[in-house]
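So this one's input-v9.pdb, PDB, C-alpha atoms:
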```pdb
ATOM      1  CA  MET N 790     284.167  22.616  28.567
ATOM      2  CA  VAL N 791     283.960  25.825  26.590
ATOM      3  CA  LEU N 792     282.926  23.847  23.554
ATOM      4  CA  LEU N 793     280.181  22.141  25.549
ATOM      5  CA  CYS N 794     278.737  25.451  26.704
ATOM      6  CA  PHE N 795     278.901  26.773  23.199
ATOM      7  CA  SER N 796     277.029  23.856  21.661
ATOM      8  CA  LYS N 797     274.497  23.909  24.464
ATOM      9  CA  TYR N 798     273.862  27.558  23.750
ATOM     10  CA  PHE N 799     273.263  26.764  20.114
ATOM     11  CA  ILE N 800     270.865  23.910  20.672
ATOM     12  CA  MET N 801     268.856  25.960  23.131
ATOM     13  CA  SER N 802     268.629  28.978  20.916
ATOM     14  CA  GLU N 803     267.673  26.824  17.977
ATOM     15  CA  LYS N 804     264.665  25.566  19.904
ATOM     16  CA  ASP N 805     263.724  29.128  20.788
ATOM     17  CA  TYR N 806     263.938  30.254  17.192
ATOM     18  CA  LEU N 807     261.757  27.373  16.055
ATOM     19  CA  LYS N 808     259.204  28.425  18.635
ATOM     20  CA  ASP N 809     259.495  32.015  17.412
ATOM     21  CA  ILE N 810     258.780  30.991  13.834
ATOM     22  CA  SER N 811     255.746  28.912  14.703
ATOM     23  CA  GLU N 812     254.462  31.742  16.910
ATOM     24  CA  ILE N 813     254.876  34.205  14.035
ATOM     25  CA  LYS N 814     253.017  31.946  11.628
ATOM     26  CA  ASN N 815     250.246  31.357  14.120
ATOM     27  CA  LEU N 816     249.756  35.077  14.772
ATOM     28  CA  MET N 817     249.805  35.934  11.079
ATOM     29  CA  ASP N 818     247.081  33.379  10.406
ATOM     30  CA  ARG N 819     244.976  34.233  13.425
ATOM     31  CA  SER N 820     245.153  37.971  12.779
ATOM     32  CA  SER N 821     244.351  37.869   9.088
ATOM     33  CA  ARG N 822     242.365  34.735   8.322
ATOM     34  CA  PHE N 823     239.070  33.352   9.452
ATOM     35  CA  ILE N 824     239.467  29.605   9.911
ATOM     36  CA  SER N 825     236.025  28.539  11.005
ATOM     37  CA  LEU N 826     234.155  28.359   7.698
ATOM     38  CA  SER N 827     232.229  25.143   7.955
ATOM     39  CA  GLY N 828     232.450  22.439   5.294
ATOM     40  CA  LEU N 829     229.057  21.132   6.296
ATOM     41  CA  SER N 830     227.448  24.411   5.217
ATOM     42  CA  GLY N 831     228.859  23.822   1.717
ATOM     43  CA  ILE N 832     227.173  20.427   1.586
ATOM     44  CA  PHE N 833     223.866  21.945   2.675
ATOM     45  CA  ALA N 834     224.134  24.775   0.122
ATOM     46  CA  GLY N 835     224.659  22.151  -2.572
ATOM     47  CA  ILE N 836     221.620  20.156  -1.445
ATOM     48  CA  TYR N 837     219.404  23.271  -1.428
ATOM     49  CA  ALA N 838     220.609  24.055  -4.944
ATOM     50  CA  PHE N 839     219.699  20.491  -6.044
ATOM     51  CA  VAL N 840     216.213  20.738  -4.576
ATOM     52  CA  GLY N 841     215.709  24.210  -6.047
ATOM     53  CA  ALA N 842     216.840  23.140  -9.494
ATOM     54  CA  ALA N 843     214.604  20.045  -9.356
ATOM     55  CA  ILE N 844     211.540  22.136  -8.464
ATOM     56  CA  ALA N 845     212.394  24.617 -11.199
ATOM     57  CA  TYR N 846     212.870  21.862 -13.759
ATOM     58  CA  VAL N 847     209.644  20.026 -12.971
ATOM     59  CA  TYR N 848     207.249  22.893 -12.338
ATOM     60  CA  LEU N 849     208.555  26.142 -13.658
ATOM     61  CA  PHE N 850     210.500  25.654 -16.825
ATOM     62  CA  PRO N 851     208.700  26.389 -20.100
ATOM     63  CA  LYS N 852     207.647  23.327 -22.071
ATOM     64  CA  THR N 853     209.005  23.075 -25.574
ATOM     65  CA  GLY N 854     207.501  25.735 -27.751
ATOM     66  CA  GLU N 855     206.797  28.066 -24.838
ATOM     67  CA  TYR N 856     208.885  31.022 -23.818
ATOM     68  CA  LEU N 857     209.779  32.286 -20.426
ATOM     69  CA  THR N 858     208.803  35.922 -20.241
ATOM     70  CA  LEU N 859     209.850  38.372 -17.619
ATOM     71  CA  HIS N 860     206.403  39.215 -16.296
ATOM     72  CA  SER N 861     204.944  35.716 -16.238
ATOM     73  CA  TRP N 862     204.253  34.224 -12.826
ATOM     74  CA  ASN N 863     206.575  31.364 -13.707
ATOM     75  CA  PHE N 864     209.426  33.757 -13.887
ATOM     76  CA  LYS N 865     208.531  35.426 -10.625
ATOM     77  CA  LEU N 866     208.292  32.053  -8.909
ATOM     78  CA  LEU N 867     211.685  31.167 -10.318
ATOM     79  CA  LEU N 868     213.163  34.293  -8.746
ATOM     80  CA  ILE N 869     211.475  33.512  -5.427
ATOM     81  CA  LEU N 870     212.883  29.984  -5.589
ATOM     82  CA  LEU N 871     216.349  31.322  -6.306
ATOM     83  CA  ALA N 872     216.101  33.761  -3.409
ATOM     84  CA  SER N 873     214.940  30.972  -1.057
ATOM     85  CA  VAL N 874     217.916  28.796  -1.991
ATOM     86  CA  LEU N 875     220.220  31.743  -1.356
ATOM     87  CA  ILE N 876     218.635  32.706   1.969
ATOM     88  CA  LEU N 877     218.547  29.130   3.250
ATOM     89  CA  SER N 878     222.214  28.652   2.315
ATOM     90  CA  VAL N 879     223.245  31.865   4.039
ATOM     91  CA  ILE N 880     221.311  31.039   7.230
ATOM     92  CA  THR N 881     222.752  27.511   7.361
ATOM     93  CA  ALA N 882     226.274  28.785   6.736
ATOM     94  CA  TYR N 883     225.868  31.428   9.427
ATOM     95  CA  LEU N 884     224.591  28.963  12.050
ATOM     96  CA  LEU N 885     227.181  26.279  11.360
ATOM     97  CA  THR N 886     230.032  28.766  11.122
ATOM     98  CA  THR N 887     229.105  30.482  14.386
ATOM     99  CA  ARG N 888     229.058  27.120  16.089
ATOM    100  CA  ARG N 889     232.483  26.253  14.757
ATOM    101  CA  ALA N 890     233.918  29.656  15.586
ATOM    102  CA  LYS N 891     232.758  29.240  19.170
ATOM    103  CA  ARG N 892     234.507  25.895  19.339
ATOM    104  CA  ASN N 893     237.693  27.397  17.861
ATOM    105  CA  ASN N 894     237.491  30.344  20.249
ATOM    106  CA  GLU N 895     237.349  32.616  17.253
ATOM    107  CA  LYS N 896     235.250  35.741  17.125
ATOM    108  CA  ILE N 897     232.480  35.719  14.555
ATOM    109  CA  TRP N 898     232.596  39.477  14.099
ATOM    110  CA  ASP N 899     235.991  41.164  14.029
ATOM    111  CA  THR N 900     238.304  42.879  11.573
ATOM    112  CA  THR N 901     239.054  39.631   9.750
ATOM    113  CA  THR N 902     235.463  38.537   9.213
ATOM    114  CA  ARG N 903     234.533  42.083   8.240
ATOM    115  CA  ARG N 904     237.243  42.086   5.570
ATOM    116  CA  LEU N 905     236.243  38.605   4.469
ATOM    117  CA  LEU N 906     232.635  39.673   4.036
ATOM    118  CA  ILE N 907     233.399  42.957   2.261
ATOM    119  CA  ASN N 908     235.740  41.257  -0.193
ATOM    120  CA  PHE N 909     233.187  38.539  -0.826
ATOM    121  CA  LEU N 910     230.299  40.944  -1.302
ATOM    122  CA  ILE N 911     231.880  43.439  -3.708
ATOM    123  CA  PRO N 912     232.007  41.113  -6.756
ATOM    124  CA  LEU N 913     228.818  39.342  -5.692
ATOM    125  CA  VAL N 914     226.691  42.463  -5.327
ATOM    126  CA  THR N 915     228.149  43.907  -8.541
ATOM    127  CA  GLY N 916     227.162  40.711 -10.339
ATOM    128  CA  GLY N 917     223.728  40.672  -8.745
ATOM    129  CA  ILE N 918     222.962  44.239  -9.825
ATOM    130  CA  TYR N 919     224.320  43.538 -13.299
ATOM    131  CA  ILE N 920     222.085  40.480 -13.656
ATOM    132  CA  ILE N 921     219.023  42.439 -12.518
ATOM    133  CA  ILE N 922     219.780  45.185 -15.061
ATOM    134  CA  LYS N 923     220.126  42.549 -17.776
ATOM    135  CA  LEU N 924     216.909  40.853 -16.720
ATOM    136  CA  ASN N 925     215.067  44.151 -16.897
ATOM    137  CA  SER N 926     216.042  44.485 -20.525
ATOM    138  CA  GLN N 927     214.904  40.918 -21.282
ATOM    139  CA  HIS N 928     218.416  39.502 -21.478
ATOM    140  CA  TYR N 929     218.157  36.439 -19.319
ATOM    141  CA  GLY N 930     220.022  34.011 -21.534
ATOM    142  CA  LEU N 931     223.291  34.435 -19.669
ATOM    143  CA  THR N 932     221.926  34.610 -16.125
ATOM    144  CA  ALA N 933     223.288  31.217 -15.011
ATOM    145  CA  SER N 934     226.671  31.960 -16.527
ATOM    146  CA  LEU N 935     226.862  35.397 -14.894
ATOM    147  CA  MET N 936     225.855  34.007 -11.513
ATOM    148  CA  LEU N 937     228.590  31.384 -11.702
ATOM    149  CA  ILE N 938     231.263  33.824 -12.849
ATOM    150  CA  PHE N 939     230.544  36.525 -10.285
ATOM    151  CA  TYR N 940     230.172  33.986  -7.497
ATOM    152  CA  GLY N 941     233.517  32.493  -8.489
ATOM    153  CA  LEU N 942     235.160  35.921  -8.476
ATOM    154  CA  ALA N 943     233.660  36.619  -5.050
ATOM    155  CA  LEU N 944     235.147  33.375  -3.689
ATOM    156  CA  VAL N 945     238.592  34.049  -5.134
ATOM    157  CA  ASN N 946     238.523  37.590  -3.767
ATOM    158  CA  ALA N 947     237.484  36.462  -0.276
ATOM    159  CA  SER N 948     239.934  33.548  -0.146
ATOM    160  CA  LYS N 949     242.764  35.829   1.009
ATOM    161  CA  TYR N 950     241.023  36.098   4.359
ATOM    162  CA  THR N 951     240.416  32.462   5.064
ATOM    163  CA  ILE N 952     242.368  29.239   4.982
ATOM    164  CA  GLY N 953     241.486  26.174   2.991
ATOM    165  CA  ASN N 954     240.931  25.870  -0.694
ATOM    166  CA  VAL N 955     238.061  28.268  -1.277
ATOM    167  CA  LYS N 956     239.974  29.836  -4.138
ATOM    168  CA  TYR N 957     239.974  26.558  -6.079
ATOM    169  CA  LEU N 958     236.202  26.364  -5.734
ATOM    170  CA  GLY N 959     236.184  29.946  -7.047
ATOM    171  CA  TYR N 960     238.353  29.054 -10.059
ATOM    172  CA  ALA N 961     236.106  26.089 -10.835
ATOM    173  CA  GLU N 962     232.972  28.261 -10.723
ATOM    174  CA  ILE N 963     234.541  30.863 -13.020
ATOM    175  CA  ILE N 964     235.621  28.218 -15.541
ATOM    176  CA  ILE N 965     232.243  26.516 -15.800
ATOM    177  CA  GLY N 966     230.589  29.963 -15.874
ATOM    178  CA  LEU N 967     232.615  30.761 -18.975
ATOM    179  CA  ILE N 968     231.883  27.372 -20.569
ATOM    180  CA  CYS N 969     228.204  27.947 -19.769
ATOM    181  CA  ALA N 970     228.337  31.287 -21.601
ATOM    182  CA  ALA N 971     229.647  29.507 -24.676
ATOM    183  CA  LEU N 972     226.875  26.873 -24.632
ATOM    184  CA  PRO N 973     223.544  28.652 -24.551
ATOM    185  CA  GLY N 974     220.498  26.683 -23.537
ATOM    186  CA  TYR N 975     222.172  24.576 -20.863
ATOM    187  CA  GLY N 976     222.059  27.238 -18.152
ATOM    188  CA  LEU N 977     220.127  25.169 -15.638
ATOM    189  CA  TRP N 978     222.529  22.248 -15.934
ATOM    190  CA  PHE N 979     225.602  24.354 -15.476
ATOM    191  CA  TRP N 980     223.928  26.141 -12.598
ATOM    192  CA  LEU N 981     223.228  22.766 -11.008
ATOM    193  CA  LEU N 982     226.812  21.656 -11.570
ATOM    194  CA  GLY N 983     228.296  24.865 -10.121
ATOM    195  CA  PHE N 984     226.005  25.486  -7.180
ATOM    196  CA  GLY N 985     224.924  21.915  -6.485
ATOM    197  CA  VAL N 986     227.644  19.412  -7.351
ATOM    198  CA  PHE N 987     230.647  21.657  -6.710
ATOM    199  CA  HIS N 988     229.324  22.737  -3.313
ATOM    200  CA  VAL N 989     228.640  19.186  -2.203
ATOM    201  CA  VAL N 990     232.054  17.970  -3.398
ATOM    202  CA  TYR N 991     233.939  20.906  -1.913
ATOM    203  CA  GLY N 992     231.933  20.806   1.317
ATOM    204  CA  SER N 993     232.586  17.082   1.726
ATOM    205  CA  ILE N 994     236.326  17.488   1.224
ATOM    206  CA  MET N 995     236.418  20.290   3.799
ATOM    207  CA  TYR N 996     234.218  18.332   6.185
ATOM    208  CA  LEU N 997     236.476  15.266   6.041
ATOM    209  CA  LYS N 998     239.493  17.491   6.673
ATOM    210  CA  GLU N 999     237.762  19.066   9.686
ATOM    211  CA  GLN N1000     236.977  15.654  11.127
ATOM    212  CA  LYS N1001     240.601  14.594  10.783
ATOM    213  CA  ASN N1002     241.834  17.556  12.826
TER     214      ASN N1002
ATOM    215  CA  MET P1428     278.952  35.523  11.977
ATOM    216  CA  GLY P1429     276.850  37.113   9.268
ATOM    217  CA  ILE P1430     273.652  35.431  10.342
ATOM    218  CA  ILE P1431     273.829  36.583  13.921
ATOM    219  CA  ASP P1432     274.219  40.157  12.664
ATOM    220  CA  ASN P1433     270.803  40.005  11.101
ATOM    221  CA  ILE P1434     269.079  38.757  14.233
ATOM    222  CA  ASN P1435     267.365  41.887  15.416
ATOM    223  CA  LYS P1436     267.649  42.473  19.159
ATOM    224  CA  LEU P1437     264.424  44.452  19.090
ATOM    225  CA  PHE P1438     262.534  41.410  17.847
ATOM    226  CA  ASP P1439     264.033  39.188  20.510
ATOM    227  CA  HIS P1440     260.882  39.338  22.560
ATOM    228  CA  ARG P1441     257.655  37.432  22.119
ATOM    229  CA  ILE P1442     255.373  40.460  22.232
ATOM    230  CA  ARG P1443     257.387  42.754  19.975
ATOM    231  CA  LEU P1444     257.794  39.914  17.495
ATOM    232  CA  GLY P1445     254.060  39.288  17.732
ATOM    233  CA  ILE P1446     253.139  42.918  17.102
ATOM    234  CA  MET P1447     255.273  42.967  13.976
ATOM    235  CA  SER P1448     253.900  39.620  12.753
ATOM    236  CA  ILE P1449     250.384  40.996  12.953
ATOM    237  CA  LEU P1450     251.212  44.321  11.334
ATOM    238  CA  VAL P1451     253.053  42.910   8.333
ATOM    239  CA  VAL P1452     250.048  40.829   7.206
ATOM    240  CA  ASN P1453     247.362  43.390   8.068
ATOM    241  CA  GLU P1454     246.989  46.894   6.701
ATOM    242  CA  ASP P1455     246.594  48.127  10.253
ATOM    243  CA  ALA P1456     245.450  47.039  13.693
ATOM    244  CA  ASP P1457     244.204  48.979  16.693
ATOM    245  CA  PHE P1458     245.275  48.650  20.311
ATOM    246  CA  ASN P1459     242.436  46.375  21.387
ATOM    247  CA  ARG P1460     242.926  44.069  18.440
ATOM    248  CA  LEU P1461     246.626  43.657  19.284
ATOM    249  CA  LYS P1462     245.818  43.158  22.943
ATOM    250  CA  GLU P1463     243.257  40.482  22.163
ATOM    251  CA  LEU P1464     245.501  38.604  19.718
ATOM    252  CA  LEU P1465     248.595  38.726  21.911
ATOM    253  CA  ASP P1466     246.786  38.199  25.203
ATOM    254  CA  VAL P1467     248.736  40.818  27.182
ATOM    255  CA  THR P1468     247.956  43.605  29.618
ATOM    256  CA  ASP P1469     247.546  47.232  28.525
ATOM    257  CA  GLY P1470     250.729  48.460  30.173
ATOM    258  CA  ASN P1471     252.826  45.640  28.853
ATOM    259  CA  LEU P1472     251.605  46.105  25.311
ATOM    260  CA  ALA P1473     252.032  49.882  25.452
ATOM    261  CA  SER P1474     255.671  49.653  26.505
ATOM    262  CA  HIS P1475     256.523  47.261  23.672
ATOM    263  CA  ILE P1476     254.680  49.413  21.171
ATOM    264  CA  LYS P1477     256.693  52.404  22.369
ATOM    265  CA  ALA P1478     259.946  50.551  21.723
ATOM    266  CA  LEU P1479     258.902  49.688  18.165
ATOM    267  CA  GLU P1480     257.643  53.209  17.579
ATOM    268  CA  GLN P1481     260.936  54.731  18.734
ATOM    269  CA  ALA P1482     262.802  52.525  16.284
ATOM    270  CA  GLU P1483     260.391  53.799  13.617
ATOM    271  CA  TYR P1484     259.299  50.268  12.806
ATOM    272  CA  ILE P1485     255.657  51.120  13.337
ATOM    273  CA  LEU P1486     253.522  54.197  12.821
ATOM    274  CA  VAL P1487     251.021  55.341  15.420
ATOM    275  CA  GLU P1488     247.889  57.141  14.352
ATOM    276  CA  LYS P1489     245.467  58.515  16.907
ATOM    277  CA  SER P1490     241.892  59.323  16.059
ATOM    278  CA  PHE P1491     238.406  59.325  17.504
ATOM    279  CA  VAL P1492     235.656  56.835  16.796
ATOM    280  CA  GLY P1493     232.643  58.786  18.007
ATOM    281  CA  ARG P1494     233.868  59.962  21.394
ATOM    282  CA  LYS P1495     236.195  57.087  22.040
ATOM    283  CA  PRO P1496     239.860  57.593  21.279
ATOM    284  CA  ASN P1497     241.206  54.976  18.935
ATOM    285  CA  THR P1498     244.838  54.274  18.182
ATOM    286  CA  ASN P1499     245.827  52.561  14.990
ATOM    287  CA  TYR P1500     249.166  51.004  14.193
ATOM    288  CA  THR P1501     250.774  50.277  10.852
ATOM    289  CA  ALA P1502     254.170  48.826   9.986
ATOM    290  CA  THR P1503     256.575  51.222   8.286
ATOM    291  CA  LYS P1504     258.690  50.345   5.288
ATOM    292  CA  LEU P1505     261.722  50.141   7.540
ATOM    293  CA  GLY P1506     259.848  47.900   9.972
ATOM    294  CA  ARG P1507     258.802  45.528   7.214
ATOM    295  CA  ALA P1508     262.332  45.331   5.810
ATOM    296  CA  GLU P1509     263.854  44.687   9.244
ATOM    297  CA  PHE P1510     261.246  42.059  10.027
ATOM    298  CA  LYS P1511     261.938  40.277   6.762
ATOM    299  CA  LYS P1512     265.678  40.293   7.463
ATOM    300  CA  HIS P1513     265.024  38.921  10.927
ATOM    301  CA  ILE P1514     262.854  36.078   9.635
ATOM    302  CA  GLU P1515     265.386  35.153   6.989
ATOM    303  CA  ALA P1516     268.099  35.054   9.623
ATOM    304  CA  LEU P1517     265.926  32.850  11.841
ATOM    305  CA  GLU P1518     265.288  30.458   8.991
ATOM    306  CA  LYS P1519     268.976  30.199   8.200
ATOM    307  CA  LEU P1520     269.777  29.540  11.841
ATOM    308  CA  ILE P1521     267.278  26.711  11.972
ATOM    309  CA  GLN P1522     268.500  25.158   8.755
ATOM    310  CA  LYS P1523     272.087  25.205  10.016
ATOM    311  CA  PRO P1524     273.293  21.719  10.900
ATOM    312  CA  LYS P1525     273.830  21.131  14.601
ATOM    313  CA  ILE P1526     277.352  21.492  15.945
TER     314      ILE P1526
END
```

Serialized structure, structure tokens:
Amino acid sequence: MVLLCFSKYFIMSEKDYLKDISEIKNLMDRSSRFISLSGLSGIFAGIYAFVGAAIAYVYLFPKTGEYLTLHSWNFKLLLILLASVLILSVITAYLLTTRRAKRNNEKIWDTTTRRLLINFLIPLVTGGIYIIIKLNSQHYGLTASLMLIFYGLALVNASKYTIGNVKYLGYAEIIIGLICAALPGYGLWFWLLGFGVFHVVYGSIMYLKEQKN
Amino acid sequence: MGIIDNINKLFDHRIRLGIMSILVVNEDADFNRLKELLDVTDGNLASHIKALEQAEYILVEKSFVGRKPNTNYTATKLGRAEFKKHIEALEKLIQKPKI
């Protein structure tokens, strides 16, 4: 009889402790990570990058023998194109992520998202300013490489505040950014690979995972 | 029973355990953030915070944001160490084969 009570006590408490552990894990994740980043927005960002790169390749890139100079209208259009791709991607990501956050009952603006954004923006803005400084002194050869590297660093830095495999996307961007730096002249292609292909692949993987859950 | 020794009585409550879980993975958290994450009433949360504060597991820092008072909580070194011990003890208990 005593033995029975004893074992009953143990089985019960074991269940409680299991519940405790899962509760702890849940709270740690919910309090420190934003889980509602949408995979679909990655796919869209990739598609915008494809379209942007195609327009740039067909209309804006210098023909053989010509040079791209900083004050030509071609160059300005290229910057406008780049900015449009960026803005469209950000708007899409914001809309899709808000929708998902609502469904997950997660707040779009709290301590976690604020930390996520700050950690994402520090390397990104640093890189952006650095690229602009370089452009102003006519050094645009490494622009694609720098964009990839700083974007990759931004992803790795922000990945602490979200779940999923964003950091692997970050590593991939950094690696091809470095390869791109070593192979001058192929900037557009690496840019397309990093911002187009990688986004579509990563977004699709995340999207499939979301659908499964 | 060595394992049972490490089970911390103070953490034997859902809310106190929750507060510590949040504070060990975040630099700090304020009262409203804890309340929202744990889904508890003000009074309930305050009493559990007091217990953890008295044990010196958490640090309370009061300040003003504009005119609104704001209270921030951080886990102390002692609190982190005790929490870690508690988790390890829990894990061992779960791994233990059933009697």

| said: Rounded to one decimal, what separation in Å do you get between CA of Ile920 in chain N and CA of Leu829 in chain N? | reply: 28.7 Å

Given the PyMOL selection byres ((chain P) within 9 of (chain N)), the residues it picks as a CSV table (one decimal) with C-alpha atoms, keeping the file's coordinate frame:
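The result, written out as selection04.csv:
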```
chain,number,residue,atom,x,y,z
P,1441,ARG,CA,257.7,37.4,22.1
P,1444,LEU,CA,257.8,39.9,17.5
P,1445,GLY,CA,254.1,39.3,17.7
P,1446,ILE,CA,253.1,42.9,17.1
P,1447,MET,CA,255.3,43.0,14.0
P,1448,SER,CA,253.9,39.6,12.8
P,1449,ILE,CA,250.4,41.0,13.0
P,1450,LEU,CA,251.2,44.3,11.3
P,1451,VAL,CA,253.1,42.9,8.3
P,1452,VAL,CA,250.0,40.8,7.2
P,1453,ASN,CA,247.4,43.4,8.1
P,1456,ALA,CA,245.4,47.0,13.7
P,1460,ARG,CA,242.9,44.1,18.4
P,1461,LEU,CA,246.6,43.7,19.3
P,1464,LEU,CA,245.5,38.6,19.7
P,1465,LEU,CA,248.6,38.7,21.9
P,1514,ILE,CA,262.9,36.1,9.6
P,1517,LEU,CA,265.9,32.8,11.8
P,1518,GLU,CA,265.3,30.5,9.0
P,1520,LEU,CA,269.8,29.5,11.8
P,1521,ILE,CA,267.3,26.7,12.0
P,1525,LYS,CA,273.8,21.1,14.6
P,1526,ILE,CA,277.4,21.5,15.9
```

| request: Run the PyMOL selection byres ((chain P and resi 1480) around 12) on the file and write out the hits as an NGL selection string. | output: :P and (1437 or 1443 or 1446-1447 or 1473-1479 or 1481-1488 or 1500-1503 or 1505-1506)

Save out the residues we just selected, C-alpha atoms, as an mmCIF file, in the coordinates of the input.
```cif
data_model
loop_
_atom_site.group_PDB
_atom_site.id
_atom_site.type_symbol
_atom_site.label_atom_id
_atom_site.label_comp_id
_atom_site.auth_asym_id
_atom_site.auth_seq_id
_atom_site.Cartn_x
_atom_site.Cartn_y
_atom_site.Cartn_z
ATOM 1 C CA LEU P 1437 264.424 44.452 19.090
ATOM 2 C CA ARG P 1443 257.387 42.754 19.975
ATOM 3 C CA ILE P 1446 253.139 42.918 17.102
ATOM 4 C CA MET P 1447 255.273 42.967 13.976
ATOM 5 C CA ALA P 1473 252.032 49.882 25.452
ATOM 6 C CA SER P 1474 255.671 49.653 26.505
ATOM 7 C CA HIS P 1475 256.523 47.261 23.672
ATOM 8 C CA ILE P 1476 254.680 49.413 21.171
ATOM 9 C CA LYS P 1477 256.693 52.404 22.369
ATOM 10 C CA ALA P 1478 259.946 50.551 21.723
ATOM 11 C CA LEU P 1479 258.902 49.688 18.165
ATOM 12 C CA GLN P 1481 260.936 54.731 18.734
ATOM 13 C CA ALA P 1482 262.802 52.525 16.284
ATOM 14 C CA GLU P 1483 260.391 53.799 13.617
ATOM 15 C CA TYR P 1484 259.299 50.268 12.806
ATOM 16 C CA ILE P 1485 255.657 51.120 13.337
ATOM 17 C CA LEU P 1486 253.522 54.197 12.821
ATOM 18 C CA VAL P 1487 251.021 55.341 15.420
ATOM 19 C CA GLU P 1488 247.889 57.141 14.352
ATOM 20 C CA TYR P 1500 249.166 51.004 14.193
ATOM 21 C CA THR P 1501 250.774 50.277 10.852
ATOM 22 C CA ALA P 1502 254.170 48.826 9.986
ATOM 23 C CA THR P 1503 256.575 51.222 8.286
ATOM 24 C CA LEU P 1505 261.722 50.141 7.540
ATOM 25 C CA GLY P 1506 259.848 47.900 9.972
#
```

Around all the atoms of range 943-960 of chain N listed in the file, with 6 Å of room on each side, what axis-aligned box do you get, giving centre and edge lengths in Å to one decimal, as AutoDock Vina command-line options?
```
--center_x 238.2 --center_y 31.7 --center_z -2.5 --size_x 21.1 --size_y 23.7 --size_z 27.1
```

| request: Grab the CA of Trp862 in chain N to CA of Gly841 in chain N distance for me, in Å with one decimal place. | output: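 If I compute the distance from CA of Trp862 in chain N to CA of Gly841 in chain N, I get 16.7 Å.
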
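Among the candidates N:Tyr957, N:Phe984, N:Phe909, N:Tyr919, the residue lying nearest to Ile836 in chain N is N:Phe984 (atoms considered: only C-alpha atoms).
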
| task | Name every residue that the PyMOL selection byres ((chain N and resi 905) around 9) selects in this structure, writing the answer as a PyMOL selection string with chains first and numbers rising. | result | chain N and resi 822-823+900-904+906-910+946-951

| Test item: residues at most 6 Å from range 964-980 of chain N, all atoms listed in the file, excluding those fewer than 5 positions along its chain, as a list in words |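 Non-adjacent residues within range: Ala933, Ser934, Leu937 and Ile938 of chain N.
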
| message | Ranking N:Ile897, N:Val990, N:Ile832, N:Met995 by minimum distance to Ile952 in chain N and counting all atoms listed in the file, which one comes first? | response |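 When distances to Ile952 in chain N are compared using all atoms listed in the file, the smallest one comes from N:Met995.
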
| query | What is the distance between CA of Val989 in chain N and CA of Glu962 in chain N, in Å to one decimal? | reply |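 The value is 13.2 Å.
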
| said: Taking only C-alpha atoms into account, name the residue in N:Lys865, N:His988, N:Lys998, N:Lys923 that is nearest to Leu849 in chain N. | reply: N:Lys865

| query | Nearest to Ala834 in chain N among N:Ile994, N:Leu958, N:Leu877, N:Leu885, with distances taken over all atoms listed in the file: which residue is it? | reply |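 Closest to Ala834 in chain N, using all atoms listed in the file: N:Leu877.
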
Incomplete range 1497-1509 of chain P brought to N, CA and C atoms, written out as a compact mmCIF listing (two decimals), in the frame of the given file:
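Written output follows (selection.txt):
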```txt
# COMPACT_ATOMS: atom_id res chain seq x y z
N ASN P 1497 240.82 56.23 19.56
CA ASN P 1497 241.21 54.98 18.93
C ASN P 1497 242.61 55.14 18.37
N THR P 1498 243.47 54.19 18.67
CA THR P 1498 244.84 54.27 18.18
C THR P 1498 245.09 53.15 17.20
N ASN P 1499 245.55 53.54 16.02
CA ASN P 1499 245.83 52.56 14.99
C ASN P 1499 247.32 52.43 14.73
N TYR P 1500 247.75 51.23 14.43
CA TYR P 1500 249.17 51.00 14.19
C TYR P 1500 249.37 50.40 12.82
N THR P 1501 250.39 50.90 12.12
CA THR P 1501 250.77 50.28 10.85
C THR P 1501 252.28 50.05 10.86
N ALA P 1502 252.73 49.07 10.09
CA ALA P 1502 254.17 48.83 9.99
C ALA P 1502 254.75 49.77 8.95
N THR P 1503 255.92 50.34 9.26
CA THR P 1503 256.58 51.22 8.29
C THR P 1503 257.38 50.37 7.31
N LYS P 1504 257.86 51.05 6.28
CA LYS P 1504 258.69 50.34 5.29
C LYS P 1504 259.93 49.77 5.96
N LEU P 1505 260.53 50.58 6.81
CA LEU P 1505 261.72 50.14 7.54
C LEU P 1505 261.39 48.92 8.40
N GLY P 1506 260.25 49.00 9.11
CA GLY P 1506 259.85 47.90 9.97
C GLY P 1506 259.67 46.61 9.20
N ARG P 1507 259.01 46.71 8.04
CA ARG P 1507 258.80 45.53 7.21
C ARG P 1507 260.12 44.92 6.76
N ALA P 1508 261.04 45.80 6.30
CA ALA P 1508 262.33 45.33 5.81
C ALA P 1508 263.11 44.64 6.93
N GLU P 1509 263.11 45.26 8.11
CA GLU P 1509 263.85 44.69 9.24
C GLU P 1509 263.24 43.35 9.67
```
